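Raw contents of final31.cif, mmCIF, C-alpha atoms and all ligand atoms:
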```cif
data_coords
#
loop_
_atom_site.label_atom_id
_atom_site.label_comp_id
_atom_site.auth_asym_id
_atom_site.auth_seq_id
_atom_site.Cartn_x
_atom_site.Cartn_y
_atom_site.Cartn_z
CA MET W 23 116.35 101.00 72.76
CA ARG W 24 112.79 100.31 71.59
CA THR W 25 109.57 99.72 73.52
CA GLN W 26 105.85 99.87 72.86
CA VAL W 27 104.92 102.58 75.39
CA ALA W 28 107.44 105.03 76.83
CA ILE W 29 106.13 106.36 80.16
CA ILE W 30 107.52 109.64 81.49
CA GLY W 31 107.25 109.82 85.30
CA ALA W 32 107.40 107.15 88.03
CA GLY W 33 104.74 108.60 90.32
CA PRO W 34 101.45 106.78 90.96
CA ALA W 35 100.15 107.40 87.40
CA GLY W 36 103.26 106.15 85.61
CA LEU W 37 103.82 103.16 87.87
CA LEU W 38 100.19 102.03 87.87
CA LEU W 39 100.00 102.43 84.08
CA GLY W 40 103.18 100.37 83.76
CA GLN W 41 101.74 97.53 85.86
CA LEU W 42 98.39 97.53 84.04
CA LEU W 43 100.11 97.42 80.62
CA HIS W 44 102.41 94.65 81.83
CA LEU W 45 99.31 92.69 82.82
CA TYR W 46 97.99 93.19 79.29
CA GLY W 47 101.26 92.12 77.68
CA VAL W 48 102.30 95.61 76.57
CA GLU W 49 105.98 96.52 76.92
CA THR W 50 106.91 99.75 78.70
CA VAL W 51 109.94 101.72 79.86
CA ILE W 52 109.52 104.35 82.57
CA LEU W 53 111.81 107.39 82.66
CA GLU W 54 111.95 109.22 86.02
CA ARG W 55 114.06 112.30 86.65
CA LYS W 56 114.48 111.69 90.40
CA ASP W 57 115.74 108.70 92.37
CA PRO W 58 113.36 106.25 94.12
CA ASP W 59 114.01 107.64 97.60
CA TYR W 60 113.14 111.16 96.46
CA VAL W 61 109.87 109.95 94.91
CA LEU W 62 108.98 108.03 98.09
CA ALA W 63 109.86 110.95 100.37
CA ARG W 64 107.09 113.14 98.95
CA ILE W 65 104.20 113.13 101.46
CA ARG W 66 101.00 113.58 99.49
CA ALA W 67 97.64 111.87 99.26
CA GLY W 68 96.24 109.52 101.81
CA LEU W 69 92.79 108.38 100.72
CA LEU W 70 91.88 105.86 98.02
CA GLU W 71 88.55 105.48 96.24
CA GLN W 72 87.25 101.93 95.77
CA GLY W 73 88.14 102.19 92.07
CA THR W 74 91.78 102.82 92.92
CA VAL W 75 91.80 99.88 95.35
CA ASN W 76 90.30 97.70 92.60
CA LEU W 77 93.12 98.67 90.20
CA MET W 78 95.75 97.84 92.84
CA GLU W 79 94.05 94.44 93.22
CA GLU W 80 93.96 93.96 89.43
CA VAL W 81 97.74 94.39 89.18
CA GLY W 82 98.28 92.16 92.21
CA VAL W 83 99.74 94.71 94.63
CA ALA W 84 96.88 95.08 97.12
CA ALA W 85 98.04 92.65 99.83
CA ARG W 86 99.68 95.28 102.08
CA LEU W 87 96.93 97.76 101.26
CA HIS W 88 94.32 95.32 102.58
CA HIS W 89 96.48 94.43 105.57
CA GLU W 90 97.44 97.97 106.61
CA GLY W 91 94.81 100.18 104.96
CA LEU W 92 91.94 101.55 107.06
CA VAL W 93 88.49 101.18 105.50
CA HIS W 94 86.26 104.16 106.35
CA ASP W 95 82.48 104.15 106.01
CA GLY W 96 82.02 107.86 106.63
CA ILE W 97 83.47 111.30 107.27
CA GLU W 98 82.53 114.10 109.65
CA LEU W 99 81.90 117.76 108.92
CA ALA W 100 82.50 120.21 111.77
CA PHE W 101 81.09 123.74 111.79
CA ASP W 102 79.51 126.07 114.32
CA GLY W 103 81.12 124.06 117.14
CA ALA W 104 79.41 120.78 116.29
CA ARG W 105 80.31 117.66 114.29
CA HIS W 106 78.02 115.89 111.85
CA ARG W 107 78.77 112.40 110.52
CA ILE W 108 77.99 111.47 106.93
CA ASP W 109 77.46 107.72 106.62
CA MET W 110 78.75 107.32 103.07
CA LYS W 111 78.46 103.51 103.08
CA GLN W 112 74.77 103.73 103.93
CA ALA W 113 74.20 106.60 101.48
CA THR W 114 75.83 104.78 98.55
CA GLY W 115 74.64 101.26 99.25
CA GLY W 116 78.02 99.99 100.41
CA ARG W 117 80.83 102.12 98.94
CA THR W 118 83.71 103.01 101.26
CA VAL W 119 87.13 104.70 101.06
CA THR W 120 90.50 103.37 102.23
CA ILE W 121 93.16 105.27 104.11
CA TYR W 122 96.52 104.20 102.63
CA GLY W 123 99.25 106.76 101.94
CA GLN W 124 100.36 107.61 98.40
CA THR W 125 103.89 106.83 99.57
CA GLU W 126 102.81 103.23 100.26
CA VAL W 127 100.95 102.97 96.94
CA THR W 128 104.09 104.16 95.16
CA ARG W 129 106.32 101.79 97.14
CA ASP W 130 104.12 98.79 96.38
CA LEU W 131 104.06 99.62 92.65
CA MET W 132 107.82 100.28 92.54
CA GLU W 133 108.53 96.89 94.15
CA ALA W 134 106.11 95.07 91.83
CA ARG W 135 107.73 96.65 88.77
CA ALA W 136 111.22 95.73 89.94
CA ASP W 137 110.10 92.17 90.80
CA ALA W 138 108.70 91.81 87.27
CA GLY W 139 112.08 92.88 85.86
CA LEU W 140 110.55 95.87 84.06
CA THR W 141 112.79 98.78 83.07
CA THR W 142 112.64 102.02 85.04
CA VAL W 143 115.39 104.56 84.41
CA TYR W 144 115.78 106.77 87.50
CA ASP W 145 117.87 109.94 87.56
CA ALA W 146 117.01 110.42 83.88
CA ASP W 147 117.90 114.00 82.90
CA ASP W 148 116.47 116.12 80.10
CA VAL W 149 113.74 113.63 79.23
CA THR W 150 112.21 114.95 76.01
CA PRO W 151 109.31 113.58 73.92
CA HIS W 152 109.80 113.90 70.15
CA ASP W 153 107.72 113.35 66.98
CA PHE W 154 104.55 112.41 68.85
CA ASP W 155 102.61 113.95 65.95
CA THR W 156 103.97 111.19 63.70
CA ASP W 157 103.65 107.38 63.76
CA HIS W 158 107.22 107.14 65.02
CA PRO W 159 107.44 108.95 68.34
CA ARG W 160 110.61 108.75 70.41
CA VAL W 161 111.92 109.95 73.76
CA THR W 162 115.46 111.09 74.49
CA TYR W 163 117.10 111.43 77.88
CA ARG W 164 120.54 111.85 79.39
CA LYS W 165 121.95 109.49 82.01
CA ASP W 166 125.48 109.67 83.44
CA GLY W 167 126.34 112.18 80.75
CA VAL W 168 125.26 109.90 77.89
CA THR W 169 122.26 110.74 75.69
CA HIS W 170 119.91 107.84 74.97
CA GLU W 171 116.95 107.47 72.63
CA ILE W 172 113.89 105.24 73.01
CA ALA W 173 111.84 104.53 69.89
CA CYS W 174 108.25 103.68 70.78
CA ASP W 175 104.68 103.40 69.50
CA PHE W 176 103.22 105.72 72.16
CA ILE W 177 104.33 108.14 74.88
CA ALA W 178 102.45 108.43 78.20
CA GLY W 179 103.07 111.77 79.92
CA CYS W 180 102.71 110.85 83.60
CA ASP W 181 105.18 113.50 84.76
CA GLY W 182 102.96 115.63 86.96
CA PHE W 183 102.03 119.31 86.85
CA HIS W 184 105.58 120.56 86.32
CA GLY W 185 106.55 117.82 83.87
CA ILE W 186 107.90 118.11 80.32
CA SER W 187 105.10 116.31 78.47
CA ARG W 188 102.39 118.99 78.59
CA GLN W 189 105.03 121.67 78.04
CA SER W 190 106.10 119.89 74.83
CA VAL W 191 102.69 120.42 73.23
CA PRO W 192 102.39 123.50 70.99
CA THR W 193 100.33 126.12 72.86
CA SER W 194 98.00 126.34 69.85
CA ALA W 195 97.08 122.67 70.34
CA ILE W 196 96.14 122.86 74.01
CA GLN W 197 93.49 124.72 76.03
CA THR W 198 94.03 125.15 79.77
CA TYR W 199 91.57 126.07 82.52
CA ASP W 200 93.08 127.36 85.76
CA ARG W 201 91.94 128.60 89.17
CA VAL W 202 94.58 129.37 91.81
CA TYR W 203 93.11 129.57 95.32
CA PRO W 204 94.16 132.47 97.58
CA PHE W 205 95.41 130.17 100.34
CA GLY W 206 97.45 127.01 100.93
CA TRP W 207 97.39 123.96 103.19
CA LEU W 208 99.96 123.62 105.96
CA GLY W 209 100.27 119.88 106.56
CA ILE W 210 101.86 118.06 109.51
CA LEU W 211 102.59 114.37 110.03
CA SER W 212 102.96 113.05 113.59
CA GLU W 213 103.40 109.65 115.23
CA THR W 214 100.29 110.17 117.32
CA PRO W 215 96.94 108.35 117.29
CA PRO W 216 94.29 110.09 115.17
CA VAL W 217 91.95 112.44 117.04
CA SER W 218 88.96 110.50 115.69
CA PRO W 219 88.44 107.17 113.86
CA GLU W 220 87.30 108.98 110.69
CA LEU W 221 88.29 112.20 108.90
CA ILE W 222 87.00 115.52 110.21
CA TYR W 223 86.62 118.43 107.75
CA CYS W 224 86.31 121.67 109.72
CA ARG W 225 84.92 125.02 108.58
CA HIS W 226 85.93 127.71 111.01
CA GLU W 227 86.05 131.50 111.07
CA ARG W 228 89.83 131.25 111.46
CA GLY W 229 90.10 128.97 108.45
CA PHE W 230 89.72 125.39 107.28
CA ALA W 231 91.23 122.43 109.13
CA LEU W 232 91.33 118.72 108.30
CA CYS W 233 92.04 115.84 110.67
CA THR W 234 93.14 112.74 108.77
CA MET W 235 95.59 109.91 109.25
CA ARG W 236 97.98 107.35 107.75
CA SER W 237 97.36 104.57 110.31
CA THR W 238 96.06 104.10 113.87
CA HIS W 239 99.33 105.54 115.18
CA ARG W 240 100.24 108.12 112.52
CA SER W 241 98.14 111.23 112.06
CA ARG W 242 98.05 113.92 109.43
CA TYR W 243 96.53 117.36 110.02
CA TYR W 244 96.09 120.32 107.68
CA LEU W 245 95.43 123.99 108.39
CA GLN W 246 94.41 126.55 105.79
CA CYS W 247 97.18 129.14 105.69
CA ASN W 248 98.11 132.24 103.73
CA LEU W 249 99.73 131.72 100.35
CA ASP W 250 102.75 133.78 101.42
CA ASP W 251 103.15 131.88 104.68
CA HIS W 252 106.24 129.76 105.28
CA VAL W 253 106.63 126.48 107.13
CA ASP W 254 109.44 128.06 109.22
CA ASN W 255 106.82 130.36 110.74
CA TRP W 256 105.09 127.37 112.24
CA SER W 257 106.62 125.67 115.26
CA ASP W 258 104.88 122.46 116.29
CA ASP W 259 103.41 124.26 119.28
CA ARG W 260 101.99 127.03 117.10
CA PHE W 261 100.48 124.43 114.78
CA TRP W 262 98.79 122.48 117.57
CA ASP W 263 97.51 125.67 119.25
CA GLU W 264 95.96 126.88 115.98
CA LEU W 265 94.48 123.47 115.23
CA LYS W 266 92.81 123.44 118.67
CA ARG W 267 91.29 126.87 117.93
CA ARG W 268 89.61 125.45 114.85
CA LEU W 269 88.40 122.12 116.27
CA ASP W 270 85.19 121.42 118.21
CA GLN W 271 85.58 120.84 121.97
CA GLU W 272 85.26 117.04 121.77
CA ALA W 273 88.08 116.91 119.24
CA VAL W 274 90.21 119.24 121.35
CA ASP W 275 89.64 116.99 124.35
CA HIS W 276 90.76 113.92 122.38
CA LEU W 277 93.66 115.50 120.46
CA ILE W 278 97.03 113.93 121.21
CA THR W 279 99.84 116.16 120.02
CA GLY W 280 103.46 115.23 119.37
CA PRO W 281 106.55 116.19 117.39
CA SER W 282 106.08 116.63 113.63
CA ILE W 283 107.91 114.17 111.40
CA GLU W 284 106.99 116.17 108.30
CA LYS W 285 105.67 119.68 107.81
CA SER W 286 104.98 121.39 104.46
CA ILE W 287 102.76 123.92 102.71
CA ALA W 288 100.99 122.96 99.49
CA PRO W 289 99.33 125.49 97.20
CA LEU W 290 95.78 124.79 96.00
CA ARG W 291 94.64 125.04 92.44
CA SER W 292 92.09 123.69 89.98
CA PHE W 293 93.62 123.05 86.57
CA VAL W 294 92.66 121.12 83.47
CA ALA W 295 94.46 120.82 80.12
CA GLU W 296 92.42 119.80 77.10
CA PRO W 297 92.70 117.56 75.20
CA MET W 298 94.66 114.79 76.95
CA ARG W 299 95.91 113.27 73.71
CA PHE W 300 98.27 114.71 71.11
CA GLY W 301 98.83 112.23 68.29
CA ARG W 302 100.84 109.43 69.84
CA MET W 303 101.30 111.13 73.22
CA PHE W 304 98.76 110.89 76.05
CA LEU W 305 98.67 112.86 79.31
CA ALA W 306 97.54 111.18 82.53
CA GLY W 307 97.32 112.29 86.17
CA ASP W 308 98.67 115.61 87.39
CA ALA W 309 100.30 116.17 83.98
CA ALA W 310 96.78 116.88 82.72
CA HIS W 311 94.87 118.16 85.75
CA ILE W 312 95.14 119.37 89.32
CA VAL W 313 92.44 119.51 91.99
CA PRO W 314 92.48 121.15 95.42
CA PRO W 315 93.01 118.23 97.87
CA THR W 316 89.76 119.00 99.73
CA GLY W 317 87.91 116.27 97.86
CA ALA W 318 90.83 113.75 98.01
CA LYS W 319 90.63 113.33 94.22
CA GLY W 320 94.17 113.97 92.89
CA LEU W 321 95.64 110.52 93.24
CA ASN W 322 92.30 108.88 92.44
CA LEU W 323 91.93 110.79 89.16
CA ALA W 324 95.42 109.66 88.18
CA ALA W 325 94.20 106.10 88.75
CA SER W 326 91.07 106.47 86.62
CA ASP W 327 93.06 108.14 83.82
CA VAL W 328 95.45 105.20 83.61
CA HIS W 329 92.54 102.77 83.78
CA PHE W 330 91.05 104.35 80.66
CA LEU W 331 94.45 104.66 78.93
CA SER W 332 95.54 101.08 79.71
CA GLN W 333 92.23 99.69 78.38
CA ALA W 334 92.63 101.78 75.21
CA LEU W 335 96.19 100.55 74.62
CA ARG W 336 95.17 96.96 75.41
CA GLU W 337 92.50 97.26 72.70
CA PHE W 338 94.99 98.79 70.24
CA TYR W 339 97.54 96.00 70.63
CA GLY W 340 95.08 93.17 71.27
CA GLU W 341 92.31 93.94 68.80
CA LYS W 342 94.16 96.33 66.43
CA SER W 343 91.44 98.87 67.18
CA SER W 344 92.08 102.60 67.67
CA ALA W 345 88.60 103.25 69.07
CA GLY W 346 89.84 103.34 72.66
CA ILE W 347 92.79 105.63 72.09
CA ASP W 348 90.62 107.91 69.93
CA ALA W 349 88.09 108.15 72.78
CA TYR W 350 90.62 108.39 75.65
CA SER W 351 90.70 112.16 76.03
CA ALA W 352 86.92 112.65 76.02
CA THR W 353 86.37 109.66 78.32
CA ALA W 354 88.98 110.75 80.85
CA LEU W 355 87.96 114.43 80.77
CA ALA W 356 84.29 113.58 81.44
CA ARG W 357 85.31 112.09 84.81
CA VAL W 358 88.03 114.70 85.45
CA TRP W 359 85.61 117.62 85.20
CA LYS W 360 83.14 115.98 87.62
CA ALA W 361 85.95 115.58 90.14
CA GLU W 362 87.07 119.16 89.47
CA ARG W 363 83.55 120.35 90.24
CA PHE W 364 83.30 118.32 93.45
CA SER W 365 86.75 119.43 94.67
CA TRP W 366 85.93 123.08 93.88
CA TRP W 367 82.58 122.75 95.69
CA MET W 368 84.11 121.18 98.83
CA THR W 369 86.85 123.86 98.83
CA SER W 370 84.39 126.73 98.35
CA MET W 371 82.14 125.47 101.14
CA LEU W 372 84.83 124.91 103.77
CA HIS W 373 87.48 127.61 103.34
CA LEU W 374 87.71 131.25 104.33
CA PHE W 375 88.21 133.40 101.20
CA PRO W 376 89.54 136.96 101.31
CA ASP W 377 86.16 138.15 100.05
CA THR W 378 84.23 135.97 102.48
CA ASP W 379 81.93 138.68 103.82
CA ALA W 380 79.03 138.20 106.26
CA PHE W 381 76.71 137.14 103.44
CA THR W 382 79.14 134.56 102.04
CA ALA W 383 79.75 133.17 105.52
CA ARG W 384 76.00 132.68 105.98
CA ILE W 385 75.72 131.01 102.60
CA GLN W 386 78.53 128.59 103.52
CA LEU W 387 76.78 127.74 106.80
CA ALA W 388 73.44 127.35 105.02
CA GLU W 389 75.10 124.99 102.52
CA LEU W 390 76.55 122.91 105.37
CA ASN W 391 73.31 122.90 107.38
CA TYR W 392 71.35 121.84 104.32
CA LEU W 393 73.92 119.17 103.56
CA VAL W 394 73.93 117.47 106.97
CA ASN W 395 70.10 117.56 107.17
CA SER W 396 69.34 116.22 103.69
CA GLN W 397 69.64 112.54 102.77
CA ALA W 398 69.76 113.53 99.11
CA ALA W 399 72.56 116.04 99.67
CA MET W 400 74.55 113.58 101.77
CA ALA W 401 74.06 110.91 99.10
CA SER W 402 75.39 113.31 96.48
CA LEU W 403 78.47 114.14 98.53
CA SER W 404 78.98 110.44 99.31
CA GLU W 405 78.85 109.21 95.71
CA ASN W 406 81.36 111.84 94.68
CA TYR W 407 83.67 111.36 97.66
CA THR W 408 83.77 107.54 97.39
CA GLY W 409 84.36 107.92 93.66
CA LEU W 410 82.07 108.17 90.66
CA PRO W 411 81.99 105.02 88.53
CA TYR W 412 84.56 104.59 85.76
P1 LIG K 1 103.23 112.97 90.41
O1 LIG K 1 103.57 114.43 90.44
O2 LIG K 1 102.98 112.26 91.68
O3 LIG K 1 104.41 112.15 89.68
C1 LIG K 1 105.05 112.67 88.54
C2 LIG K 1 106.43 112.05 88.47
O4 LIG K 1 107.06 112.51 87.27
C3 LIG K 1 107.32 112.49 89.63
O5 LIG K 1 107.95 111.37 90.21
C4 LIG K 1 108.34 113.43 88.98
O6 LIG K 1 109.62 113.36 89.59
C5 LIG K 1 108.39 112.91 87.56
N1 LIG K 1 108.79 113.92 86.58
C6 LIG K 1 108.43 115.22 86.54
N2 LIG K 1 109.00 115.83 85.47
C7 LIG K 1 109.76 114.89 84.84
C8 LIG K 1 110.59 114.90 83.69
N3 LIG K 1 110.76 116.01 82.98
N4 LIG K 1 111.21 113.74 83.34
C9 LIG K 1 111.02 112.60 84.06
N5 LIG K 1 110.25 112.53 85.16
C10 LIG K 1 109.63 113.66 85.53
N6 LIG K 1 96.06 114.36 96.26
C11 LIG K 1 95.13 113.88 97.13
O7 LIG K 1 94.23 113.15 96.68
N7 LIG K 1 95.18 114.21 98.47
C12 LIG K 1 96.18 115.01 98.98
O8 LIG K 1 96.19 115.30 100.17
C13 LIG K 1 97.17 115.51 98.13
N8 LIG K 1 98.20 116.30 98.61
C14 LIG K 1 99.14 116.79 97.73
C15 LIG K 1 100.21 117.59 98.18
C16 LIG K 1 101.16 118.10 97.27
C17 LIG K 1 102.30 118.96 97.77
C18 LIG K 1 101.05 117.81 95.90
C19 LIG K 1 102.05 118.38 94.90
C20 LIG K 1 100.01 117.01 95.45
C21 LIG K 1 99.05 116.48 96.35
N9 LIG K 1 98.01 115.66 95.94
C22 LIG K 1 97.07 115.17 96.76
C23 LIG K 1 97.89 115.30 94.57
C24 LIG K 1 98.84 114.18 94.31
O9 LIG K 1 98.57 113.12 95.18
C25 LIG K 1 98.72 113.85 92.86
O10 LIG K 1 97.37 113.79 92.46
C26 LIG K 1 99.43 112.57 92.50
O11 LIG K 1 100.76 112.66 92.93
C27 LIG K 1 99.30 112.41 90.99
O12 LIG K 1 100.19 111.43 90.60
P2 LIG K 1 100.99 111.59 89.22
O13 LIG K 1 100.06 112.04 88.18
O14 LIG K 1 101.74 110.33 89.08
O15 LIG K 1 102.00 112.83 89.42
C1 LIG K 2 95.18 112.97 103.48
O1 LIG K 2 95.01 112.00 104.25
O2 LIG K 2 96.33 113.44 103.21
C2 LIG K 2 93.99 113.65 102.89
C3 LIG K 2 92.75 113.06 103.07
C4 LIG K 2 91.63 113.68 102.53
C5 LIG K 2 91.78 114.89 101.86
C6 LIG K 2 93.04 115.47 101.69
C7 LIG K 2 94.14 114.86 102.23
O3 LIG K 2 90.68 115.51 101.35
#
```
Translate this file's structure into structure tokens.
Amino acid sequence: MRTQVAIIGAGPAGLLLGQLLHLYGVETVILERKDPDYVLARIRAGLLEQGTVNLMEEVGVAARLHHEGLVHDGIELAFDGARHRIDMKQATGGRTVTIYGQTEVTRDLMEARADAGLTTVYDADDVTPHDFDTDHPRVTYRKDGVTHEIACDFIAGCDGFHGISRQSVPTSAIQTYDRVYPFGWLGILSETPPVSPELIYCRHERGFALCTMRSTHRSRYYLQCNLDDHVDNWSDDRFWDELKRRLDQEAVDHLITGPSIEKSIAPLRSFVAEPMRFGRMFLAGDAAHIVPPTGAKGLNLAASDVHFLSQALREFYGEKSSAGIDAYSATALARVWKAERFSWWMTSMLHLFPDTDAFTARIQLAELNYLVNSQAAMASLSENYTGLPY
């Protein structure tokens, strides 16, 4: 088989890249090691920047997003028993965020790709990129016991943090930056109305909590937990009791609890691999970087990466220019590192660290008090949270 761009990974990065390149007349094949149901069953991000919404519109898959997504103008920060709203729309001159689960983004992109008759190989085993340091890269994979080869012009590694693409790069050719946080997030999904119309980020002496949602009848809550904790240690009742200890009284009074339909613990880390291009192979999304979810940047960075990469490949095929692909890594990394900084800052300000002593706790509260009393500080948070320009 031959194609122009072989994409490894059918998560948001791979699927969105595939749709953008299809729009630009560039042929792709996507190789995914899992089956569609497995990919859709992963409960992950829930909040889209305007830039991500714009890309979904560009590839013509934003109808359900606009019908079911919830547009939010602001968020609330809770600390010291009180809540403070940040009007991000006012602070940024009109920018908002949209609540629409990653599962739904993935489903919409999967359906659009299938409707367009584009090739996605699911249950592809042993996907392996080859010869990406030559002008004739290729990807091999095994399916139903048969080994296949795809000759291509380029390989897009959209296979996430644990994928094969980044691991296929010689260690001498790649520099990584890593920060593993000493805690995780215990997340719960419940068919209950959200405790508040907008997200509430809580800093509390017992640990961070986040109240978010998937719709007006499906809520998602997170509690900071120990890295060595296990989801089996957390009954629904224990989760709700702990959440109430970390919320302000108004939130407690409005909280509607119910049975969990999903419960999981996610580790938190900041990670960047440089560069994001290796000859004819590009990395995009979690394959190249990870952010702690505090700033809701993970999925949105995957979107901006594939925006830059799709434009570069469109230029290569349309104008026979390599300028875009030569600039891809530096362009993508410039935005990645700003999102890494913002996500690290939000995480540092809101979580309890093992070395959070009395001084650090006062600094965190001073940071938060300054933030909610300064138009300039709220504008800075707002422009980062709603998404820096591409
Ligand atoms: P993904 O990991 O989503 O997709 C990679 C795809 O490649 C997967 O389908 C995988 O099966 C496939 N793959 C892997 N190895 C392969 C191989 N060798 N061959 C073929 N296919 C292969 N972000 C937020 O903004 N907010 C959140 O709350 C949030 N919560 C998260 C919770 C968890 C547990 C995790 C892991 C991430 C979370 N994220 C969150 C970040 C997440 O949303 C990612 O940023 C997003 O999935 C990035 O999309 P992709 O880059 O496509 O990677
Ligand atoms: C979510 O809805 O899952 C979500 C929202 C905002 C975050 C993290 C997770 O910062």
| Within-6 Å residues of ligand LIG 1 (chain K), basis all atoms listed in the file, as a PyMOL selection string | chain W and resi 30-36+53-56+61+66-68+149+180-182+184-186+288+307-309+315+318-321+324
| said: List as an MDAnalysis selection string the protein and nucleic acid residues lying within 10 Å of ligand LIG 2 (chain K), with only C-alpha atoms and all ligand atoms counted. | reply: chainID W and resid 65:70 97 120:124 207 209:211 221:223 232:237 241:244 314:320 365 368:369 407
| Any idea what the distance is between atom CA of W:Gly179 and atom CA of W:Thr25? |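 Here the two named atoms are 15.1 Å from each other.
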| From the list W:Asp57, W:Asp102, W:Glu296, W:Glu71, which residue is nearest W:Tyr199 when using all atoms listed in the file? |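 Nearest to W:Tyr199: W:Glu296.
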| field | Test item: residues at most 8 Å from W:Pro159, only C-alpha atoms, excluding those fewer than 2 positions along its chain, as a list in words | value | Pro151, His152, Asp153, Phe154, Asp155, Thr156, Asp157, Val161, Ala173, Cys174, Asp175, Phe176, Ile177 and Arg302 of chain W
For C-alpha atoms, I'd like the residues from the last selection saved as a short mmCIF file (atom, residue, chain, number, x, y, z; two decimals), keeping the file's coordinate frame.
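Wrote selection.cif, looks like this:
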```cif
data_model
loop_
_atom_site.label_atom_id
_atom_site.label_comp_id
_atom_site.auth_asym_id
_atom_site.auth_seq_id
_atom_site.Cartn_x
_atom_site.Cartn_y
_atom_site.Cartn_z
CA PRO W 151 109.31 113.58 73.92
CA HIS W 152 109.80 113.90 70.15
CA ASP W 153 107.72 113.35 66.98
CA PHE W 154 104.55 112.41 68.85
CA ASP W 155 102.61 113.95 65.95
CA THR W 156 103.97 111.19 63.70
CA ASP W 157 103.65 107.38 63.76
CA VAL W 161 111.92 109.95 73.76
CA ALA W 173 111.84 104.53 69.89
CA CYS W 174 108.25 103.68 70.78
CA ASP W 175 104.68 103.40 69.50
CA PHE W 176 103.22 105.72 72.16
CA ILE W 177 104.33 108.14 74.88
CA ARG W 302 100.84 109.43 69.84
#
```
| task | Record the distance separating atom CA of W:Val83 and atom CA of W:Met132, expressed in Å with one decimal. | result | 10.0 Å
| message | I want to know what sits within 9 Å of stretch 247-260 of chain W, based on all atoms listed in the file, with residues of the same chain fewer than 5 positions away left out; could you give that as a PyMOL selection string? | response | chain W and resi 203-208+210+229-230+265+279-282+285-289
| What is the atom CA of W:Val191 to atom CA of W:Ala310 distance in Å? |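 Computed distance, atom CA of W:Val191 to atom CA of W:Ala310, equals 11.7 Å.
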| query | For W:Glu133, which residue among W:Ile196, W:Ala178, W:Arg201, W:Pro58 is the nearest when counting all atoms listed in the file? | reply |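 Residue with the minimum atom-to-atom distance to W:Glu133: W:Pro58.
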| message | I want to know what sits within 12 Å of W:Asn406, based on all atoms listed in the file, with residues of the same chain fewer than 5 positions away left out; could you give that as JSON, numbers by chain? | response | {"W": [71, 72, 110, 113, 114, 117, 118, 119, 317, 318, 319, 322, 323, 357, 358, 359, 360, 361, 362, 363, 364, 365, 367, 368, 399, 400, 401, 411, 412]}
| query | Can you list, as a PyMOL selection string, every protein, DNA or RNA residue that comes within 12 Å of W:Glu49 when you count only C-alpha atoms, leaving out same-chain residues fewer than 3 positions away? | reply | chain W and resi 24-29+39-46+52+135+138-142+174-177+332+335-336+339
Would you mind exporting C-alpha atoms of the selected residues as an mmCIF file, in the frame of the given file?
```
data_model
loop_
_atom_site.group_PDB
_atom_site.id
_atom_site.type_symbol
_atom_site.label_atom_id
_atom_site.label_comp_id
_atom_site.auth_asym_id
_atom_site.auth_seq_id
_atom_site.Cartn_x
_atom_site.Cartn_y
_atom_site.Cartn_z
ATOM 1 C CA ARG W 24 112.790 100.310 71.590
ATOM 2 C CA THR W 25 109.570 99.720 73.520
ATOM 3 C CA GLN W 26 105.850 99.870 72.860
ATOM 4 C CA VAL W 27 104.920 102.580 75.390
ATOM 5 C CA ALA W 28 107.440 105.030 76.830
ATOM 6 C CA ILE W 29 106.130 106.360 80.160
ATOM 7 C CA LEU W 39 100.000 102.430 84.080
ATOM 8 C CA GLY W 40 103.180 100.370 83.760
ATOM 9 C CA GLN W 41 101.740 97.530 85.860
ATOM 10 C CA LEU W 42 98.390 97.530 84.040
ATOM 11 C CA LEU W 43 100.110 97.420 80.620
ATOM 12 C CA HIS W 44 102.410 94.650 81.830
ATOM 13 C CA LEU W 45 99.310 92.690 82.820
ATOM 14 C CA TYR W 46 97.990 93.190 79.290
ATOM 15 C CA ILE W 52 109.520 104.350 82.570
ATOM 16 C CA ARG W 135 107.730 96.650 88.770
ATOM 17 C CA ALA W 138 108.700 91.810 87.270
ATOM 18 C CA GLY W 139 112.080 92.880 85.860
ATOM 19 C CA LEU W 140 110.550 95.870 84.060
ATOM 20 C CA THR W 141 112.790 98.780 83.070
ATOM 21 C CA THR W 142 112.640 102.020 85.040
ATOM 22 C CA CYS W 174 108.250 103.680 70.780
ATOM 23 C CA ASP W 175 104.680 103.400 69.500
ATOM 24 C CA PHE W 176 103.220 105.720 72.160
ATOM 25 C CA ILE W 177 104.330 108.140 74.880
ATOM 26 C CA SER W 332 95.540 101.080 79.710
ATOM 27 C CA LEU W 335 96.190 100.550 74.620
ATOM 28 C CA ARG W 336 95.170 96.960 75.410
ATOM 29 C CA TYR W 339 97.540 96.000 70.630
#
```
| note | Counting only C-alpha atoms, the residue among W:Phe375, W:Trp262, W:Phe304, W:Phe293 that lies closest to W:Gln197 is W:Phe293
| remark: Using all atoms listed in the file, the residue out of W:Met303, W:Ala349, W:Ala380, W:Ala134 with shortest distance to W:Ser190 is W:Met303
| message | Restricting the calculation to all atoms listed in the file: of W:Thr408, W:Ser370, W:Gln271, W:Thr193, which residue gets closest to W:Pro297? | response |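 For W:Pro297, the nearest of the given residues is W:Thr193.
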